[in-house]
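> Got protein.cif for you, mmCIF, C-alpha atoms and all ligand atoms:
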```cif
data_input
loop_
_atom_site.label_atom_id
_atom_site.label_comp_id
_atom_site.auth_asym_id
_atom_site.auth_seq_id
_atom_site.Cartn_x
_atom_site.Cartn_y
_atom_site.Cartn_z
CA MET A 13 -27.82 154.37 46.61
CA ALA A 14 -27.77 156.87 43.74
CA VAL A 15 -28.68 159.65 46.18
CA VAL A 16 -26.07 158.49 48.70
CA CYS A 17 -23.44 158.37 45.98
CA ARG A 18 -24.41 161.83 44.81
CA ASN A 19 -24.18 163.21 48.33
CA LEU A 20 -20.87 161.51 48.86
CA ARG A 21 -19.54 162.80 45.58
CA ALA A 22 -20.61 166.31 46.60
CA PHE A 23 -18.88 165.81 49.95
CA ALA A 24 -15.77 164.46 48.23
CA GLN A 25 -15.71 167.55 46.01
CA LYS A 26 -15.62 169.70 49.11
CA THR A 27 -12.68 167.73 50.48
CA SER A 28 -10.15 167.58 47.69
CA SER A 29 -8.24 164.55 49.02
CA LEU A 30 -11.24 162.20 49.01
CA ARG A 31 -12.53 160.32 45.98
CA CYS A 32 -15.82 158.48 45.42
CA THR A 33 -14.24 155.04 45.06
CA PRO A 34 -16.18 151.89 46.07
CA ASN A 35 -13.93 151.41 49.11
CA PHE A 36 -14.37 154.98 50.17
CA LEU A 37 -18.15 154.69 49.72
CA ARG A 38 -18.32 151.49 51.76
CA LEU A 39 -16.15 152.82 54.59
CA TYR A 40 -17.84 156.19 54.62
CA SER A 41 -21.42 154.94 54.51
CA GLN A 42 -20.68 152.61 57.45
CA SER A 43 -19.08 155.22 59.65
CA LYS A 44 -20.56 158.68 59.03
CA PRO A 45 -23.98 160.26 58.62
CA ALA A 46 -24.77 161.72 55.19
CA PRO A 47 -23.53 165.30 54.72
CA PRO A 48 -26.23 167.97 54.96
CA LYS A 49 -28.17 168.65 51.80
CA LEU A 50 -27.40 171.92 50.05
CA VAL A 51 -30.74 172.10 48.25
CA THR A 52 -34.08 171.09 49.75
CA VAL A 53 -37.27 170.38 47.84
CA ASP A 54 -40.83 170.64 49.21
CA VAL A 55 -43.77 169.85 46.98
CA ASP A 56 -47.13 171.28 48.10
CA LYS A 57 -50.65 169.87 47.57
CA ALA A 58 -50.98 171.73 44.28
CA GLY A 59 -47.85 169.99 42.98
CA VAL A 60 -45.69 173.13 43.16
CA ALA A 61 -42.13 172.61 44.39
CA THR A 62 -40.25 175.06 46.55
CA VAL A 63 -36.57 174.50 45.89
CA THR A 64 -34.48 176.11 48.62
CA LEU A 65 -30.78 176.88 48.35
CA ASP A 66 -29.38 175.96 51.73
CA ARG A 67 -25.65 176.49 51.88
CA PRO A 68 -24.96 178.95 54.72
CA PRO A 69 -23.80 181.56 55.14
CA VAL A 70 -24.43 183.04 51.65
CA ASN A 71 -25.42 180.20 49.28
CA SER A 72 -22.27 180.65 47.22
CA LEU A 73 -22.55 178.28 44.29
CA ASN A 74 -20.02 175.49 44.59
CA THR A 75 -19.98 172.27 42.55
CA GLY A 76 -21.94 170.35 45.18
CA LEU A 77 -24.79 172.85 45.38
CA LEU A 78 -24.98 173.23 41.61
CA GLU A 79 -25.05 169.49 41.12
CA GLU A 80 -27.83 169.05 43.69
CA LEU A 81 -29.83 171.83 42.07
CA GLY A 82 -29.44 170.20 38.64
CA VAL A 83 -30.54 166.81 39.99
CA ALA A 84 -33.53 168.40 41.77
CA ILE A 85 -34.73 170.00 38.52
CA LYS A 86 -34.41 166.71 36.63
CA ASP A 87 -36.28 164.83 39.39
CA LEU A 88 -39.06 167.42 39.40
CA GLU A 89 -39.35 167.14 35.62
CA ALA A 90 -39.64 163.36 35.90
CA ASN A 91 -42.40 163.80 38.53
CA LYS A 92 -44.35 166.24 36.35
CA THR A 93 -44.22 168.98 38.95
CA ARG A 94 -46.58 171.92 38.26
CA GLY A 95 -44.08 174.65 39.09
CA ILE A 96 -40.72 175.44 40.68
CA ILE A 97 -40.17 178.27 43.15
CA LEU A 98 -36.47 178.89 43.68
CA THR A 99 -35.61 180.57 46.96
CA SER A 100 -33.06 180.69 49.78
CA SER A 101 -32.92 179.52 53.38
CA SER A 102 -31.10 182.74 54.34
CA ASN A 103 -33.08 185.83 55.25
CA SER A 104 -30.56 188.23 53.73
CA VAL A 105 -28.88 186.50 50.78
CA PHE A 106 -30.54 184.72 47.87
CA SER A 107 -27.13 183.65 46.55
CA ALA A 108 -23.71 185.35 46.61
CA GLY A 109 -22.97 183.95 43.16
CA LEU A 110 -20.19 181.60 42.22
CA ASP A 111 -18.12 180.27 45.09
CA ILE A 112 -14.85 182.11 44.74
CA LEU A 113 -13.07 179.33 46.61
CA GLU A 114 -13.84 177.01 43.65
CA MET A 115 -11.81 179.36 41.44
CA TYR A 116 -8.98 180.28 43.82
CA GLU A 117 -5.87 178.09 43.54
CA PRO A 118 -7.94 175.34 41.90
CA LYS A 119 -6.99 171.85 40.75
CA LYS A 120 -7.57 171.71 36.99
CA GLN A 121 -9.98 168.76 37.23
CA ASN A 122 -12.06 170.40 39.96
CA LEU A 123 -12.24 173.67 38.04
CA SER A 124 -13.46 171.90 34.93
CA LEU A 125 -16.09 169.97 36.90
CA PHE A 126 -17.21 173.19 38.57
CA TRP A 127 -17.78 175.04 35.30
CA THR A 128 -19.43 172.17 33.44
CA THR A 129 -21.76 171.63 36.40
CA LEU A 130 -22.65 175.32 36.29
CA GLN A 131 -23.29 175.14 32.53
CA ASN A 132 -25.45 172.01 32.81
CA THR A 133 -27.46 173.16 35.79
CA TRP A 134 -28.02 176.55 34.22
CA LEU A 135 -29.27 174.95 31.01
CA SER A 136 -31.59 172.63 32.96
CA LEU A 137 -33.10 175.57 34.83
CA TYR A 138 -33.26 177.89 31.82
CA ARG A 139 -34.97 175.44 29.48
CA THR A 140 -37.13 173.34 31.81
CA SER A 141 -40.71 173.05 30.62
CA ILE A 142 -41.87 173.52 34.23
CA PRO A 143 -42.95 177.10 35.06
CA THR A 144 -40.17 178.65 37.18
CA VAL A 145 -40.21 181.59 39.58
CA ALA A 146 -37.39 183.06 41.65
CA ALA A 147 -38.55 184.21 45.09
CA ILE A 148 -35.54 186.42 45.75
CA ASN A 149 -35.42 186.90 49.50
CA GLY A 150 -32.02 188.59 49.77
CA HIS A 151 -29.05 189.93 47.81
CA ALA A 152 -28.45 188.35 44.43
CA PRO A 153 -25.13 189.43 42.92
CA ALA A 154 -23.52 187.88 39.80
CA GLY A 155 -24.24 184.12 39.66
CA GLY A 156 -27.09 184.67 42.14
CA CYS A 157 -28.65 187.10 39.68
CA LEU A 158 -28.04 184.58 36.87
CA LEU A 159 -30.10 181.94 38.69
CA ALA A 160 -32.95 184.41 39.19
CA LEU A 161 -32.76 185.58 35.56
CA SER A 162 -33.02 181.99 34.35
CA CYS A 163 -36.49 181.69 35.89
CA GLU A 164 -39.59 182.93 34.07
CA TYR A 165 -40.72 185.36 36.77
CA ARG A 166 -38.93 187.17 39.57
CA VAL A 167 -40.49 188.32 42.83
CA MET A 168 -38.09 190.11 45.15
CA VAL A 169 -38.28 191.12 48.78
CA GLY A 170 -37.55 194.83 49.11
CA PRO A 171 -36.56 197.47 49.55
CA LYS A 172 -33.14 196.80 51.06
CA PHE A 173 -31.69 194.01 48.91
CA THR A 174 -29.69 194.32 45.69
CA ILE A 175 -29.44 192.36 42.47
CA GLY A 176 -27.31 192.55 39.34
CA LEU A 177 -24.53 191.21 37.16
CA ASN A 178 -21.62 193.08 38.77
CA GLU A 179 -18.79 191.24 36.96
CA THR A 180 -17.13 194.32 35.39
CA GLN A 181 -16.83 195.84 38.87
CA LEU A 182 -14.78 192.77 39.77
CA GLY A 183 -12.61 193.26 36.68
CA ILE A 184 -14.07 190.29 34.79
CA VAL A 185 -16.45 189.88 31.87
CA ALA A 186 -19.72 188.06 32.34
CA PRO A 187 -19.97 185.09 29.96
CA GLN A 188 -22.20 185.50 26.87
CA TRP A 189 -24.95 183.34 28.33
CA PHE A 190 -25.16 185.53 31.46
CA MET A 191 -25.59 188.49 29.08
CA ILE A 192 -28.30 186.73 27.08
CA CYS A 193 -30.27 186.16 30.30
CA MET A 194 -30.05 189.84 31.18
CA LYS A 195 -31.09 190.84 27.65
CA ASP A 196 -34.04 188.41 27.87
CA ALA A 197 -35.28 190.26 30.94
CA VAL A 198 -34.54 193.94 30.35
CA GLY A 199 -33.77 194.29 26.63
CA ARG A 200 -30.45 194.97 24.90
CA ARG A 201 -30.16 198.69 25.81
CA GLN A 202 -30.74 198.30 29.56
CA ALA A 203 -28.59 195.15 29.58
CA GLU A 204 -25.68 197.00 27.99
CA MET A 205 -25.91 199.81 30.53
CA ALA A 206 -26.27 197.40 33.46
CA LEU A 207 -23.45 195.10 32.40
CA THR A 208 -20.86 197.66 31.30
CA ALA A 209 -21.24 199.41 34.67
CA GLY A 210 -21.55 196.14 36.62
CA LYS A 211 -24.47 197.81 38.34
CA MET A 212 -26.07 196.35 41.43
CA PHE A 213 -29.71 197.49 41.47
CA SER A 214 -31.83 198.23 44.50
CA THR A 215 -35.11 196.31 44.49
CA GLN A 216 -37.01 199.41 43.34
CA GLU A 217 -34.48 200.11 40.55
CA ALA A 218 -34.64 196.49 39.46
CA LEU A 219 -38.44 196.75 39.30
CA ASN A 220 -38.20 199.96 37.27
CA ILE A 221 -36.13 198.37 34.49
CA GLY A 222 -37.95 195.00 34.51
CA LEU A 223 -35.07 193.04 36.04
CA ILE A 224 -37.64 191.85 38.58
CA ASP A 225 -41.38 191.59 38.03
CA LYS A 226 -42.71 192.31 41.50
CA MET A 227 -41.50 193.76 44.78
CA VAL A 228 -42.95 192.42 48.01
CA SER A 229 -42.16 192.98 51.66
CA ASN A 230 -41.38 189.49 52.92
CA LYS A 231 -40.67 185.91 51.87
CA GLU A 232 -44.23 184.68 52.52
CA GLU A 233 -45.60 187.28 50.11
CA ALA A 234 -42.93 186.32 47.59
CA ILE A 235 -43.97 182.67 47.75
CA ALA A 236 -47.67 183.61 47.46
CA GLU A 237 -46.98 185.73 44.35
CA ALA A 238 -44.90 182.92 42.88
CA GLN A 239 -47.75 180.46 43.45
CA LYS A 240 -50.18 182.88 41.77
CA PHE A 241 -47.91 183.17 38.71
CA ILE A 242 -47.64 179.39 38.42
CA ALA A 243 -51.39 178.82 38.92
CA GLN A 244 -52.24 180.72 35.72
CA PHE A 245 -50.68 177.90 33.67
CA ALA A 246 -53.25 175.36 34.88
CA LYS A 247 -55.45 176.50 32.00
CA ILE A 248 -52.74 176.56 29.32
CA PRO A 249 -52.16 173.42 27.23
CA PRO A 250 -48.73 172.20 28.44
CA LEU A 251 -47.33 171.25 25.03
CA ALA A 252 -48.05 174.69 23.60
CA ARG A 253 -46.49 176.27 26.70
CA ARG A 254 -43.40 174.10 26.53
CA MET A 255 -42.82 174.72 22.83
CA THR A 256 -43.32 178.46 23.25
CA LYS A 257 -40.85 178.64 26.13
CA GLU A 258 -38.27 176.57 24.25
CA SER A 259 -38.70 178.73 21.16
CA ILE A 260 -38.53 182.09 22.91
CA ARG A 261 -35.40 180.97 24.82
CA GLN A 262 -33.75 179.58 21.67
CA GLU A 263 -30.83 182.05 21.66
CA GLY A 264 -29.57 181.02 25.10
CA ILE A 265 -30.24 177.31 24.59
CA LYS A 266 -28.52 177.25 21.21
CA TYR A 267 -25.61 179.29 22.53
CA MET A 268 -24.90 176.76 25.27
CA GLU A 269 -25.47 173.72 23.06
CA GLU A 270 -23.02 175.01 20.48
CA ASN A 271 -20.43 176.74 22.67
CA ALA A 272 -20.15 174.78 25.92
CA ILE A 273 -16.65 173.49 25.15
CA ASP A 274 -15.25 176.86 24.00
CA ASP A 275 -16.91 178.53 26.97
CA LEU A 276 -15.25 176.02 29.32
CA LYS A 277 -11.86 176.53 27.69
CA ALA A 278 -12.14 180.33 27.92
CA PHE A 279 -13.05 180.07 31.61
CA MET A 280 -10.24 177.62 32.40
CA ASP A 281 -7.64 179.73 30.57
CA LEU A 282 -8.75 182.91 32.28
CA VAL A 283 -9.03 181.71 35.84
CA VAL A 284 -5.51 180.34 36.07
CA GLN A 285 -3.91 183.60 34.89
CA PRO A 286 -1.60 184.84 37.68
CA ASN A 287 -3.20 188.30 37.74
CA ILE A 288 -6.69 186.77 38.10
CA GLN A 289 -5.49 184.46 40.88
CA LYS A 290 -3.89 187.40 42.65
CA GLY A 291 -7.14 189.38 42.27
CA LEU A 292 -9.21 186.52 43.66
CA GLY A 293 -6.91 186.21 46.67
CA MET A 294 -7.18 189.93 47.33
CA TYR A 295 -10.97 189.83 46.93
CA LEU A 296 -11.28 187.02 49.47
CA GLU A 297 -9.01 188.89 51.86
CA ALA A 298 -11.04 192.11 51.40
CA MET A 299 -14.29 190.26 52.16
CA LYS A 300 -12.81 188.97 55.40
CA LYS A 301 -11.50 192.42 56.40
CA SER A 302 -14.82 194.16 55.65
CA LYS A 303 -16.47 192.22 58.49
C1 LIG B 1 -14.84 187.48 41.80
C2 LIG B 1 -14.62 186.60 40.60
C3 LIG B 1 -13.37 187.01 39.96
C4 LIG B 1 -12.70 186.32 39.03
C5 LIG B 1 -13.10 185.02 38.46
C6 LIG B 1 -12.21 184.79 37.35
C7 LIG B 1 -12.62 184.36 36.22
C8 LIG B 1 -13.98 183.91 36.06
C9 LIG B 1 -14.43 184.15 34.68
C10 LIG B 1 -15.70 184.15 34.42
C11 LIG B 1 -16.68 183.86 35.48
C12 LIG B 1 -17.52 185.04 35.58
C13 LIG B 1 -18.67 184.82 36.46
C14 LIG B 1 -18.64 185.20 37.75
C15 LIG B 1 -19.91 185.19 38.45
C16 LIG B 1 -19.82 185.20 39.94
O1 LIG B 1 -20.79 184.84 40.52
S1 LIG B 1 -18.39 185.67 40.74
C17 LIG B 1 -18.89 185.84 42.42
C18 LIG B 1 -19.34 187.23 42.63
N1 LIG B 1 -19.98 187.39 43.92
C19 LIG B 1 -19.73 188.41 44.68
O2 LIG B 1 -18.95 189.27 44.36
C20 LIG B 1 -20.50 188.47 45.98
C21 LIG B 1 -19.57 188.64 47.12
N2 LIG B 1 -20.29 188.62 48.39
C22 LIG B 1 -20.97 189.67 48.85
O3 LIG B 1 -21.09 190.72 48.23
C23 LIG B 1 -21.56 189.52 50.23
O4 LIG B 1 -21.01 188.37 50.81
C24 LIG B 1 -23.09 189.41 50.25
C25 LIG B 1 -23.72 190.78 49.93
C26 LIG B 1 -23.62 188.37 49.28
C27 LIG B 1 -23.55 189.01 51.68
O5 LIG B 1 -23.02 189.88 52.62
P1 LIG B 1 -22.94 189.48 54.16
O6 LIG B 1 -24.24 188.88 54.58
O7 LIG B 1 -22.45 190.67 54.90
O8 LIG B 1 -21.91 188.28 54.24
P2 LIG B 1 -20.31 188.37 54.21
O9 LIG B 1 -19.86 189.29 53.13
O10 LIG B 1 -19.84 188.65 55.59
O11 LIG B 1 -19.93 186.89 53.79
C28 LIG B 1 -20.04 185.80 54.69
C29 LIG B 1 -18.96 184.77 54.34
O12 LIG B 1 -19.20 184.29 53.01
C30 LIG B 1 -18.05 184.49 52.19
N3 LIG B 1 -18.46 184.77 50.83
C31 LIG B 1 -19.28 185.74 50.40
N4 LIG B 1 -19.47 185.65 49.08
C32 LIG B 1 -18.75 184.60 48.65
C33 LIG B 1 -18.54 184.00 47.38
N5 LIG B 1 -19.13 184.45 46.26
N6 LIG B 1 -17.73 182.92 47.33
C34 LIG B 1 -17.13 182.43 48.43
N7 LIG B 1 -17.28 182.97 49.66
C35 LIG B 1 -18.10 184.03 49.77
C36 LIG B 1 -17.35 185.68 52.85
O13 LIG B 1 -15.98 185.69 52.52
C37 LIG B 1 -17.57 185.38 54.31
O14 LIG B 1 -16.65 184.35 54.67
P3 LIG B 1 -16.01 184.24 56.15
O15 LIG B 1 -17.17 184.12 57.08
O16 LIG B 1 -15.25 185.53 56.35
O17 LIG B 1 -15.13 183.05 56.10
#
```
Written as structure tokens, that's how I'd like the structure from this file.

Amino acid sequence: MAVVCRNLRAFAQKTSSLRCTPNFLRLYSQSKPAPPKLVTVDVDKAGVATVTLDRPPVNSLNTGLLEELGVAIKDLEANKTRGIILTSSSNSVFSAGLDILEMYEPKKQNLSLFWTTLQNTWLSLYRTSIPTVAAINGHAPAGGCLLALSCEYRVMVGPKFTIGLNETQLGIVAPQWFMICMKDAVGRRQAEMALTAGKMFSTQEALNIGLIDKMVSNKEEAIAEAQKFIAQFAKIPPLARRMTKESIRQEGIKYMEENAIDDLKAFMDLVVQPNIQKGLGMYLEAMKKSK
């Protein structure tokens, strides 16, 4: 029932007029099949989970997908999974980042839920004691790059895909915790250059600055490399590993624990500004026209 309720809540979030009331749940569960899952989880014989983002066409991160991803991580932690490989069901996009439709002409309550779900899911992924690898099998702009950066190791299919925190190109500032993730991976100097320019890196460029750890030529190779990375931890005492990861990631963890409310307020205040709303509308229009 918990899973059904979660799925229904995710569905209700997609359809602003519906609410997850008991009556709605009863009526809905009697009359309609469950909505498709946005995240699938497959655990192999070695106990390694492949977590696949599955929200066509571009895995843009809406509240429903983020919530499912957060729940999947918690479930895998409870089941003592040996590793998590985060990947995409698309063969050209890992994730297009935050779903712009969640931010365009939003209801206040939905916007708040969206951002807190992003914060919580990010923190779950960033701090999980389970070894994490992003198998990046397509473009990964902005929030898509954030998800990859939150993993411990990044294998990317190249050479034609791009990755980066491109927020300044969109006229916005990446939140502090996005910046911390980039600094974690490439160091302060490269992070400053990447973020101020909002640079999208080719796979080779990303490899050169350490934004990704390995370039491969297809998804199967990416998964195999991810499995190899995870396998090395079989010989490492888990408590020592967990404490080391938690300690080395302290800046990001502490930042979110201490600033989640201010971060939410800053986001909410910014998004509803008329000039930002106008910009979002134009951006959506431009994406449609570029087809
Ligand atoms: C832009 C945000 C601006 C302001 C926010 C305001 C305040 C926020 C403050 C702080 C938050 C800061 C954090 C932001 C992080 C983010 O993640 S913002 C999102 C940034 N993402 C992008 O800019 C990526 C845009 N997409 C692309 O570049 C391409 O789609 C991509 C290269 C990923 C794939 O290309 P392609 O395969 O050719 O697909 P299409 O471009 O044709 O897209 C297919 C349909 O998907 C829709 N779509 C694409 N990206 C998004 C998205 N992020 N959200 C919602 N919808 C998206 C696109 O419109 C097409 O729809 P259609 O089929 O036409 O209906």
> Go through A:Thr64, A:Arg201, A:Gln239, A:Thr208 one by one, measure the shortest atom-to-atom distance of each to Ile221 (chain A) using only C-alpha atoms, and give the residue with the smallest value.
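That would be A:Arg201, the residue with the smallest distance to Ile221 (chain A).
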> Rounded to one decimal, what separation in Å do you get between CA of Ser229 (chain A) and CA of Met191 (chain A)?
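So the two atoms, CA of Ser229 (chain A) and CA of Met191 (chain A), lie 28.4 Å apart.
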> Residues up to 7 Å from ligand LIG 1 (chain B), counting all atoms listed in the file: could you list those as JSON, numbers by chain?
{"A": [69, 70, 72, 104, 105, 107, 108, 109, 110, 111, 112, 113, 115, 151, 152, 153, 154, 155, 156, 179, 182, 184, 185, 186, 187, 279, 282, 283, 288, 292, 295, 296, 299, 300, 303]}
> Name all residues at most 10 Å from Gly82 (chain A) (count only C-alpha atoms; drop same-chain ones fewer than 5 positions away) and give them as a list of chain:residue names.
A:Val51, A:Gly76, A:Leu77, A:Asp87, A:Thr129, A:Leu130, A:Gln131, A:Asn132, A:Thr133, A:Trp134, A:Leu135, A:Ser136, A:Leu137
> One number please: CA of Ile142 (chain A) to CA of Ala197 (chain A), in Å, one decimal.
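Here the two named atoms are 18.3 Å from each other.
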> Out of A:Gly150, A:Pro118, A:Gly95, A:Gly210, which residue has the shortest atom-to-atom distance to Gln285 (chain A) when counting all atoms listed in the file?
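For Gln285 (chain A), the nearest of the candidates is A:Pro118.
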> Considering all atoms listed in the file, can you say which of A:Cys163, A:Val60, A:Ala234, A:Cys157 comes closest to Arg139 (chain A)?
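Going through A:Cys163, A:Val60, A:Ala234, A:Cys157 one by one, the smallest distance to Arg139 (chain A) is for A:Cys163.
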> Just how far from CA of Tyr116 (chain A) is CA of Lys301 (chain A), in Å to one decimal?
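Computing it gives 17.7 Å between the two atoms.
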